[in-house]
Structures are given as structure tokens and as C-alpha cells.
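Structure file work.txt; described as compact mmCIF, C-alpha atoms and all ligand atoms.
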```txt
# COMPACT_ATOMS: atom_id res chain seq x y z
CA MET A 1 160.48 175.31 197.37
CA PHE A 2 158.90 177.38 194.63
CA THR A 3 157.92 174.47 192.45
CA TRP A 4 154.45 174.15 191.05
CA LYS A 5 152.59 171.09 192.21
CA GLU A 6 149.45 169.71 190.66
CA GLU A 7 147.74 169.86 194.06
CA TYR A 8 147.98 173.68 193.82
CA SER A 9 145.63 173.72 190.86
CA CYS A 10 142.23 175.32 191.35
CA ASN A 11 141.13 174.25 187.86
CA ILE A 12 140.94 177.83 186.66
CA LYS A 13 143.60 178.38 184.06
CA SER A 14 144.12 182.11 184.52
CA ILE A 15 144.50 181.77 188.30
CA ASP A 16 146.78 178.74 188.00
CA ASP A 17 148.95 180.66 185.54
CA GLN A 18 149.15 183.60 187.91
CA HIS A 19 150.09 181.36 190.81
CA LYS A 20 152.80 179.82 188.62
CA GLU A 21 154.14 183.27 187.84
CA LEU A 22 154.27 184.13 191.55
CA LEU A 23 156.24 180.97 192.21
CA LYS A 24 158.59 181.98 189.42
CA ILE A 25 159.25 185.35 191.01
CA GLY A 26 159.82 183.69 194.38
CA SER A 27 162.23 181.31 192.75
CA SER A 28 164.21 184.14 191.14
CA LEU A 29 164.65 185.66 194.60
CA TYR A 30 165.92 182.36 195.91
CA GLU A 31 168.23 181.80 192.96
CA MET A 32 169.70 185.26 193.38
CA VAL A 33 170.69 184.52 196.98
CA ARG A 34 171.85 181.02 196.22
CA LEU A 35 174.14 181.96 193.37
CA LYS A 36 175.38 185.33 194.57
CA LYS A 37 175.24 185.26 198.31
CA HIS A 38 178.55 187.10 198.76
CA GLU A 39 177.74 189.88 196.37
CA ASP A 40 175.94 193.16 196.70
CA ASN A 41 172.57 192.34 195.20
CA TYR A 42 170.67 195.39 196.33
CA ASP A 43 169.58 196.65 192.92
CA GLU A 44 168.45 193.23 191.76
CA LEU A 45 166.73 192.66 195.07
CA VAL A 46 164.73 195.86 194.79
CA GLN A 47 163.85 195.00 191.21
CA ILE A 48 162.55 191.55 192.14
CA LEU A 49 160.68 192.98 195.10
CA ASN A 50 158.95 195.52 192.90
CA GLU A 51 158.09 192.81 190.44
CA LEU A 52 156.66 190.72 193.26
CA LYS A 53 154.62 193.64 194.58
CA ASP A 54 153.26 194.60 191.16
CA TYR A 55 152.41 191.08 190.14
CA THR A 56 150.85 190.21 193.47
CA LEU A 57 148.67 193.28 193.28
CA TYR A 58 147.59 192.37 189.75
CA HIS A 59 146.86 188.80 190.79
CA PHE A 60 144.94 189.74 193.93
CA GLN A 61 142.80 192.16 191.97
CA ALA A 62 142.03 189.52 189.37
CA GLU A 63 141.08 187.01 192.04
CA GLU A 64 138.97 189.46 193.99
CA LYS A 65 137.20 190.62 190.83
CA LEU A 66 136.21 187.05 190.07
CA MET A 67 135.02 186.56 193.64
CA GLU A 68 132.96 189.74 193.52
CA GLU A 69 131.46 188.83 190.18
CA TYR A 70 130.23 185.47 191.42
CA GLY A 71 129.37 186.49 194.97
CA TYR A 72 131.92 184.35 196.76
CA GLU A 73 130.93 184.28 200.41
CA GLU A 74 134.44 184.39 201.89
CA LEU A 75 135.57 187.41 199.92
CA PHE A 76 136.01 189.62 202.95
CA LEU A 77 138.33 187.22 204.73
CA HIS A 78 140.20 186.45 201.57
CA LYS A 79 140.75 190.15 200.88
CA PHE A 80 142.12 190.53 204.37
CA GLU A 81 144.73 187.83 203.75
CA HIS A 82 145.75 189.54 200.54
CA LYS A 83 146.06 192.86 202.32
CA SER A 84 148.28 191.52 205.06
CA PHE A 85 150.64 190.00 202.50
CA LEU A 86 150.99 193.29 200.65
CA LYS A 87 151.44 195.16 203.91
CA LYS A 88 154.44 193.02 204.76
CA LEU A 89 156.04 193.71 201.37
CA GLU A 90 155.30 197.40 201.52
CA GLY A 91 156.58 197.66 205.07
CA LEU A 92 160.11 196.58 204.19
CA GLU A 93 162.63 199.27 204.99
CA LEU A 94 164.93 199.61 202.01
CA ASP A 95 167.85 201.01 204.04
CA GLU A 96 167.69 198.08 206.39
CA LEU A 97 167.40 195.72 203.46
CA ASP A 98 170.55 197.21 201.97
CA GLU A 99 172.49 196.73 205.21
CA LYS A 100 171.27 193.24 206.04
CA GLN A 101 170.71 191.93 202.55
CA PHE A 102 171.37 188.27 203.11
CA ASP A 103 169.44 187.83 206.36
CA MET A 104 166.49 189.87 205.28
CA THR A 105 166.27 188.21 201.89
CA MET A 106 166.36 184.78 203.48
CA ASP A 107 163.58 185.83 205.89
CA LEU A 108 161.61 187.14 202.97
CA ILE A 109 162.07 183.96 200.96
CA VAL A 110 160.77 181.87 203.84
CA PHE A 111 157.87 184.25 204.37
CA VAL A 112 156.88 184.29 200.69
CA ALA A 113 157.27 180.51 200.32
CA ASN A 114 155.17 179.81 203.40
CA TRP A 115 152.58 182.33 202.45
CA ILE A 116 152.19 181.08 198.89
CA GLU A 117 151.92 177.51 200.03
CA GLN A 118 149.52 178.24 202.89
CA HIS A 119 147.38 180.65 200.94
CA ILE A 120 147.20 178.68 197.72
CA LEU A 121 146.70 175.35 199.43
CA LYS A 122 144.14 176.51 201.94
CA SER A 123 142.36 179.75 201.13
CA ASP A 124 142.55 179.54 197.36
CA LEU A 125 141.55 175.91 197.22
CA LYS A 126 138.48 176.78 199.24
CA TYR A 127 137.10 178.71 196.29
CA LYS A 128 138.03 175.94 193.85
CA GLU A 129 134.80 174.06 194.32
CA PHE A 130 132.75 177.23 194.39
CA PHE A 131 134.10 178.50 191.07
CA ASN A 132 134.18 175.08 189.48
CA SER A 133 130.51 174.63 190.31
CA LYS A 134 129.85 177.89 188.44
CA GLY A 135 131.55 176.42 185.39
CA ILE A 136 134.60 178.69 185.44
CA SER A 137 137.77 177.11 184.21
FE FE A 201 144.11 184.49 197.07
```

The structure given in the file should be rewritten as C-alpha cells.
Amino acid sequence: MFTWKEEYSCNIKSIDDQHKELLKIGSSLYEMVRLKKHEDNYDELVQILNELKDYTLYHFQAEEKLMEEYGYEELFLHKFEHKSFLKKLEGLELDELDEKQFDMTMDLIVFVANWIEQHILKSDLKYKEFFNSKGIS
């Protein structure tokens, strides 16, 4: 589910590396549930969530900076997609998460996996050609 595939590559090393790191964080969330589904994982869950939030923010800023620098025409739309992802993460109620750990974590895993796949495969690959034509790699 959170495995890197060559088709994800946008031929820009720094962005590919960041996408790989995001997949890694997603995978640690999944592994936590898979291996310890009957345990109280609240602290670890919050830690992974914070890591996901921080890294996503860092990655989005890096991507947007590159887009701004080179005048990418779909920046506005792309920023909007980034914002809605962060909004979902920030909107998670921690008390609720504590009570319904398993269900909410599973929902989150599906959300993150779908989002990464959709966003990387569609929106991010749209800029691949644009950046590649500018000689960025
Ligand atoms: Fe993006």
C-alpha cells in the first residue's frame, strides 16, 4: 500500500525522496496497527501523526517554492489540494482518536494512502513535464 513505484517518479530527485519519505511515514502508521492492533497505541499514534504533519508541511513548502520559482501555471490549484490534506490532519480530534483508535487509524490510513496515490500520480505528475522541460532533476 505504501510502496514506492517507479511510476511515481517525477524525475526530480529531491521531490521523489520526499514522496518516498511520506510513504515511509504512512507505512509506519500501517505497521503500528497491523502489529499492535489490540494495544493502546495512542502515544505512538500522536507521534506518527505529528511526524506526518511536519513532514507534509515541509514537503508542500518545498514543492510550492519550486513551482513559484518557475512560474508553474497550476500552482493555485495545487496549493489548494495541499491545504485540504493538511486541514484533514489538523482537524483530527485527539480525544476521539484516543477513544476510537483502531477505527480512526484505519480510516486515516486509507485516506492517506488514497491521497498520496491520487495526488502523486495525478497532480504531481502533471508538473513532471513542466519541470523536466526546465532542466530540473
Ligand atoms: Fe503536491

Please indicate the distance in Å from atom CA of Glu6 of chain A to atom CA of Lys87 of chain A, rounded to one decimal place.
->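 Atom-to-atom, atom CA of Glu6 of chain A to atom CA of Lys87 of chain A, that is 28.8 Å.
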
Using all atoms listed in the file, determine which residues lie at most 9 Å from segment 51-54 of chain A, disregarding the query and same-chain residues fewer than 6 positions distant; provide the list as a PyMOL selection string.
-> chain A and resi 22+25-26+86+89-90

Could you write those residues out with C-alpha atoms, as a short mmCIF file (atom, residue, chain, number, x, y, z; two decimals), in the coordinates of the input?
```cif
data_model
loop_
_atom_site.label_atom_id
_atom_site.label_comp_id
_atom_site.auth_asym_id
_atom_site.auth_seq_id
_atom_site.Cartn_x
_atom_site.Cartn_y
_atom_site.Cartn_z
CA LEU A 22 154.27 184.13 191.55
CA ILE A 25 159.25 185.35 191.01
CA GLY A 26 159.82 183.69 194.38
CA LEU A 86 150.99 193.29 200.65
CA LEU A 89 156.04 193.71 201.37
CA GLU A 90 155.30 197.40 201.52
#
```

Kindly work out which residues sit at most 7 Å from ligand FE 201 (chain A), using only C-alpha atoms and all ligand atoms, and give the list as a ChimeraX atom specification.
-> /A:60,63,78,82,119-120,123-124

Take atom CA of Gly135 of chain A and atom CA of His19 of chain A and report the distance between them in Å, one decimal.
->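 So the two atoms, atom CA of Gly135 of chain A and atom CA of His19 of chain A, lie 19.9 Å apart.
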
What gap, in Å, lies between atom CA of Glu96 of chain A and atom CA of Gln61 of chain A?
->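 According to the coordinates, atom CA of Glu96 of chain A and atom CA of Gln61 of chain A are separated by 29.4 Å.
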
Write out as a VMD selection string each polymer residue whose atoms come within 12 Å of Val46 of chain A, counting all atoms listed in the file; drop sequence neighbours fewer than 5 positions from it.
-> chain A and resid 29 32 40 to 41 51 to 53 89 to 90 92 to 95 97 to 98 101 105

So which one's closest to Leu66 of chain A, A:Trp115, A:Lys83, A:Lys36, A:Lys128? Using all atoms listed in the file, please.
->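 Under the stated criterion, the closest residue is A:Lys128.
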
One residue among A:Ser84, A:Thr56, A:Asn50, A:Asn114 is nearest to Met1 of chain A when using only C-alpha atoms, and that residue is A:Asn114

Any idea what's packed within 8 Å of segment 9-13 of chain A, counting all atoms listed in the file, ignoring anything in its chain fewer than 2 positions away? Could you give it as number ranges by chain?
-> A: 5-7, 15-17, 124-125, 127-128, 132, 136-137

Contacts of Met67 of chain A at 10 Å or less, counting only C-alpha atoms, minus same-chain residues fewer than 6 places along, as a PyMOL selection string?
-> chain A and resi 61+73-76+78-79+127+130-131
